[in-house]
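Enquirer: Pasting structure08.cif below, which is mmCIF, C-alpha atoms.
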```
data_run
#
loop_
_atom_site.group_PDB
_atom_site.id
_atom_site.type_symbol
_atom_site.label_atom_id
_atom_site.label_comp_id
_atom_site.auth_asym_id
_atom_site.auth_seq_id
_atom_site.Cartn_x
_atom_site.Cartn_y
_atom_site.Cartn_z
ATOM 1 C CA MET A 226 97.364 -106.997 141.609
ATOM 2 C CA ARG A 227 95.057 -109.627 143.069
ATOM 3 C CA ASN A 228 96.079 -113.257 143.542
ATOM 4 C CA PHE A 229 93.302 -115.147 141.754
ATOM 5 C CA ARG A 230 94.518 -118.480 143.188
ATOM 6 C CA LYS A 231 93.341 -117.406 146.646
ATOM 7 C CA TYR A 232 89.747 -116.815 145.550
ATOM 8 C CA ASP A 233 87.486 -119.662 146.686
ATOM 9 C CA LEU A 234 85.335 -118.782 143.695
ATOM 10 C CA TRP A 235 88.224 -119.400 141.272
ATOM 11 C CA GLN A 236 89.099 -122.693 143.012
ATOM 12 C CA ASP A 237 85.492 -123.868 142.781
ATOM 13 C CA ALA A 238 85.366 -122.878 139.110
ATOM 14 C CA ILE A 239 88.494 -124.972 138.473
ATOM 15 C CA TYR A 240 86.791 -127.909 140.197
ATOM 16 C CA LEU A 241 83.738 -127.338 137.973
ATOM 17 C CA VAL A 242 85.975 -127.633 134.884
ATOM 18 C CA ASP A 243 87.118 -131.052 136.131
ATOM 19 C CA GLU A 244 83.506 -132.115 136.641
ATOM 20 C CA ILE A 245 82.452 -130.939 133.178
ATOM 21 C CA TYR A 246 85.252 -132.924 131.549
ATOM 22 C CA LYS A 247 84.066 -136.045 133.381
ATOM 23 C CA LEU A 248 80.451 -135.322 132.518
ATOM 24 C CA VAL A 249 80.947 -134.835 128.760
ATOM 25 C CA ALA A 250 83.091 -137.976 128.499
ATOM 26 C CA VAL A 251 79.842 -139.979 128.267
ATOM 27 C CA PHE A 252 78.507 -137.970 125.313
ATOM 28 C CA PRO A 253 78.197 -139.693 121.938
ATOM 29 C CA ASN A 254 81.069 -139.213 119.484
ATOM 30 C CA THR A 255 78.798 -137.112 117.277
ATOM 31 C CA GLU A 256 78.971 -134.364 119.924
ATOM 32 C CA LYS A 257 82.776 -134.260 120.103
ATOM 33 C CA TYR A 258 82.933 -131.010 118.115
ATOM 34 C CA GLY A 259 79.507 -129.776 119.134
ATOM 35 C CA LEU A 260 77.988 -129.634 122.569
ATOM 36 C CA GLN A 261 80.916 -131.419 124.229
ATOM 37 C CA SER A 262 83.375 -128.836 122.926
ATOM 38 C CA GLN A 263 81.093 -125.899 123.746
ATOM 39 C CA MET A 264 80.589 -127.080 127.320
ATOM 40 C CA THR A 265 84.274 -127.537 128.032
ATOM 41 C CA ARG A 266 85.085 -124.128 126.509
ATOM 42 C CA ALA A 267 82.346 -122.406 128.537
ATOM 43 C CA ALA A 268 83.521 -124.114 131.728
ATOM 44 C CA ILE A 269 87.159 -123.173 131.098
ATOM 45 C CA SER A 270 86.127 -119.595 130.412
ATOM 46 C CA ILE A 271 84.784 -119.100 133.946
ATOM 47 C CA PRO A 272 88.037 -119.445 135.953
ATOM 48 C CA SER A 273 90.031 -118.013 133.039
ATOM 49 C CA ASN A 274 88.080 -114.757 133.110
ATOM 50 C CA ILE A 275 88.361 -114.546 136.889
ATOM 51 C CA ALA A 276 92.132 -114.962 136.577
ATOM 52 C CA GLU A 277 92.506 -112.495 133.719
ATOM 53 C CA GLY A 278 90.307 -109.927 135.418
ATOM 54 C CA SER A 279 92.265 -110.173 138.645
ATOM 55 C CA ALA A 280 95.297 -108.787 136.817
ATOM 56 C CA ARG A 281 93.423 -105.596 135.876
ATOM 57 C CA GLU A 282 94.231 -102.526 137.879
ATOM 58 C CA SER A 283 90.777 -101.048 138.259
ATOM 59 C CA GLU A 284 87.749 -102.534 139.958
ATOM 60 C CA LYS A 285 85.716 -101.569 136.880
ATOM 61 C CA ASP A 286 87.942 -103.662 134.597
ATOM 62 C CA PHE A 287 87.888 -106.590 137.012
ATOM 63 C CA ALA A 288 84.073 -106.361 137.158
ATOM 64 C CA ARG A 289 83.929 -106.545 133.351
ATOM 65 C CA PHE A 290 85.794 -109.873 133.397
ATOM 66 C CA ILE A 291 83.581 -111.140 136.201
ATOM 67 C CA GLN A 292 80.615 -110.296 133.967
ATOM 68 C CA MET A 293 82.152 -112.372 131.160
ATOM 69 C CA ALA A 294 82.674 -115.277 133.581
ATOM 70 C CA LEU A 295 79.025 -114.949 134.592
ATOM 71 C CA GLY A 296 77.951 -115.079 130.951
ATOM 72 C CA SER A 297 79.954 -118.277 130.500
ATOM 73 C CA ALA A 298 78.323 -119.763 133.605
ATOM 74 C CA TYR A 299 74.856 -119.056 132.201
ATOM 75 C CA GLU A 300 75.931 -120.487 128.858
ATOM 76 C CA LEU A 301 77.165 -123.639 130.587
ATOM 77 C CA GLU A 302 73.910 -124.001 132.520
ATOM 78 C CA THR A 303 71.962 -123.796 129.267
ATOM 79 C CA GLN A 304 74.186 -126.399 127.631
ATOM 80 C CA LEU A 305 73.749 -128.718 130.606
ATOM 81 C CA ILE A 306 69.974 -128.416 130.302
ATOM 82 C CA ILE A 307 70.204 -129.203 126.585
ATOM 83 C CA SER A 308 72.353 -132.259 127.374
ATOM 84 C CA VAL A 309 69.663 -133.594 129.688
ATOM 85 C CA ARG A 310 66.916 -132.874 127.141
ATOM 86 C CA GLN A 311 68.893 -134.782 124.495
ATOM 87 C CA ASP A 312 69.220 -137.738 126.885
ATOM 88 C CA TYR A 313 73.007 -137.510 127.006
ATOM 89 C CA LEU A 314 72.751 -137.155 130.798
ATOM 90 C CA SER A 315 70.173 -138.049 133.380
ATOM 91 C CA LYS A 316 68.608 -135.321 135.495
ATOM 92 C CA GLU A 317 69.979 -136.996 138.607
ATOM 93 C CA TYR A 318 73.526 -137.163 137.228
ATOM 94 C CA SER A 319 73.503 -133.531 136.187
ATOM 95 C CA LYS A 320 71.784 -132.141 139.323
ATOM 96 C CA GLU A 321 74.956 -131.840 141.394
ATOM 97 C CA VAL A 322 76.796 -130.068 138.580
ATOM 98 C CA LEU A 323 73.843 -127.763 137.991
ATOM 99 C CA ASP A 324 73.888 -126.857 141.690
ATOM 100 C CA GLN A 325 77.620 -126.070 141.432
ATOM 101 C CA ILE A 326 77.048 -123.862 138.389
ATOM 102 C CA GLN A 327 74.232 -121.962 140.088
ATOM 103 C CA SER A 328 76.331 -121.460 143.225
ATOM 104 C CA ILE A 329 79.145 -120.018 141.107
ATOM 105 C CA GLN A 330 76.663 -117.762 139.305
ATOM 106 C CA LYS A 331 75.380 -116.329 142.596
ATOM 107 C CA ARG A 332 78.897 -115.736 143.869
ATOM 108 C CA LEU A 333 79.964 -114.086 140.614
ATOM 109 C CA LEU A 334 76.959 -111.770 140.873
ATOM 110 C CA GLY A 335 77.901 -110.941 144.463
ATOM 111 C CA LEU A 336 81.500 -110.199 143.509
ATOM 112 C CA LYS A 337 80.412 -108.044 140.588
ATOM 113 C CA LYS A 338 78.110 -106.028 142.870
ATOM 114 C CA LYS A 339 80.916 -105.592 145.376
ATOM 115 C CA LEU A 340 83.260 -104.340 142.657
ATOM 116 C CA THR A 341 80.766 -101.907 141.141
ATOM 117 C CA THR A 342 79.366 -100.279 144.287
#
```
Here is a file; write its structure as structure tokens.
Expert:
Amino acid sequence: MRNFRKYDLWQDAIYLVDEIYKLVAVFPNTEKYGLQSQMTRAAISIPSNIAEGSARESEKDFARFIQMALGSAYELETQLIISVRQDYLSKEYSKEVLDQIQSIQKRLLGLKKKLTT
């Protein structure tokens, strides 16, 4: 069994969750059960899937959970873009978080390739 806590990728995904919670705190109350909730759930899903997948015995199973984490990362990126378009966040404020999301996406893709080749 792998120790997910030692993965830099998992640690960075946990940090991203913290950042998303801070970011959505400025959303209007009308988004409490909408975009705000979706973004926090998508963010939480990334490190959660890495952790759950690390407990799987086969590389193929682990890769499947990495793929789910990647899907959540793409979902979160889309929701961040929507937040900017709705003027809940400025482009400048969201740029750093977007960069973090895209870095995690690239690393998830790299890990998935490593597990499946």
Enquirer: Would you kindly translate the PyMOL selection byres ((chain A and resi 229) around 12) into the concrete residues it picks from this file, as a list in words?
Expert: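 Evaluating the PyMOL selection byres ((chain A and resi 229) around 12) on these coordinates yields Met226, Arg227, Asn228, Arg230, Lys231, Tyr232, Asp233, Leu234, Trp235, Gln236, Asp237, Ala238, Ile239, Pro272, Ser273, Asn274, Ile275, Ala276, Glu277, Gly278, Ser279, Ala280, Arg281, Phe287 and Ile291 of chain A.
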Enquirer: Could you turn the residues from that selection into a file that holds C-alpha atoms, as a compact mmCIF listing (two decimals), in the coordinates of the input?
Expert:
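selection02.txt, written as the output of this step:
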```txt
# COMPACT_ATOMS: atom_id res chain seq x y z
CA MET A 226 97.36 -107.00 141.61
CA ARG A 227 95.06 -109.63 143.07
CA ASN A 228 96.08 -113.26 143.54
CA ARG A 230 94.52 -118.48 143.19
CA LYS A 231 93.34 -117.41 146.65
CA TYR A 232 89.75 -116.82 145.55
CA ASP A 233 87.49 -119.66 146.69
CA LEU A 234 85.34 -118.78 143.70
CA TRP A 235 88.22 -119.40 141.27
CA GLN A 236 89.10 -122.69 143.01
CA ASP A 237 85.49 -123.87 142.78
CA ALA A 238 85.37 -122.88 139.11
CA ILE A 239 88.49 -124.97 138.47
CA PRO A 272 88.04 -119.44 135.95
CA SER A 273 90.03 -118.01 133.04
CA ASN A 274 88.08 -114.76 133.11
CA ILE A 275 88.36 -114.55 136.89
CA ALA A 276 92.13 -114.96 136.58
CA GLU A 277 92.51 -112.50 133.72
CA GLY A 278 90.31 -109.93 135.42
CA SER A 279 92.26 -110.17 138.65
CA ALA A 280 95.30 -108.79 136.82
CA ARG A 281 93.42 -105.60 135.88
CA PHE A 287 87.89 -106.59 137.01
CA ILE A 291 83.58 -111.14 136.20
```
Enquirer: Given the file shown, determine the residues that the PyMOL selection byres ((chain A and resi 316-325) around 9) selects; report them as an mmCIF file with C-alpha atoms, in the frame of the given file.
Expert:
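selection05.cif, written as the output of this step:
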```
data_model
loop_
_atom_site.group_PDB
_atom_site.id
_atom_site.type_symbol
_atom_site.label_atom_id
_atom_site.label_comp_id
_atom_site.auth_asym_id
_atom_site.auth_seq_id
_atom_site.Cartn_x
_atom_site.Cartn_y
_atom_site.Cartn_z
ATOM 1 C CA ASP A 237 85.492 -123.868 142.781
ATOM 2 C CA ALA A 238 85.366 -122.878 139.110
ATOM 3 C CA LEU A 241 83.738 -127.338 137.973
ATOM 4 C CA GLU A 244 83.506 -132.115 136.641
ATOM 5 C CA ILE A 245 82.452 -130.939 133.178
ATOM 6 C CA LEU A 248 80.451 -135.322 132.518
ATOM 7 C CA GLU A 302 73.910 -124.001 132.520
ATOM 8 C CA LEU A 305 73.749 -128.718 130.606
ATOM 9 C CA ILE A 306 69.974 -128.416 130.302
ATOM 10 C CA SER A 308 72.353 -132.259 127.374
ATOM 11 C CA VAL A 309 69.663 -133.594 129.688
ATOM 12 C CA ARG A 310 66.916 -132.874 127.141
ATOM 13 C CA ASP A 312 69.220 -137.738 126.885
ATOM 14 C CA LEU A 314 72.751 -137.155 130.798
ATOM 15 C CA SER A 315 70.173 -138.049 133.380
ATOM 16 C CA ILE A 326 77.048 -123.862 138.389
ATOM 17 C CA GLN A 327 74.232 -121.962 140.088
ATOM 18 C CA SER A 328 76.331 -121.460 143.225
ATOM 19 C CA ILE A 329 79.145 -120.018 141.107
ATOM 20 C CA GLN A 330 76.663 -117.762 139.305
#
```
Enquirer: What is the distance, in Å and to one decimal place, between CA of Ala298 (chain A) and CA of Glu282 (chain A)?
Expert: 23.8 Å
Enquirer: For the file shown, what are the residues hit by the PyMOL selection byres ((chain A and resi 301) around 9), laid out as an MDAnalysis selection string?
Expert: chainID A and resid 263:268 296:300 302:306 326
Enquirer: Using Å and a single decimal, report how far CA of Ser262 (chain A) sits from CA of Gln292 (chain A).
Expert: 21.8 Å
Enquirer: At what distance in Å, to one decimal, does CA of Ser270 (chain A) lie from CA of Tyr246 (chain A)?
Expert: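 The value is 13.4 Å.
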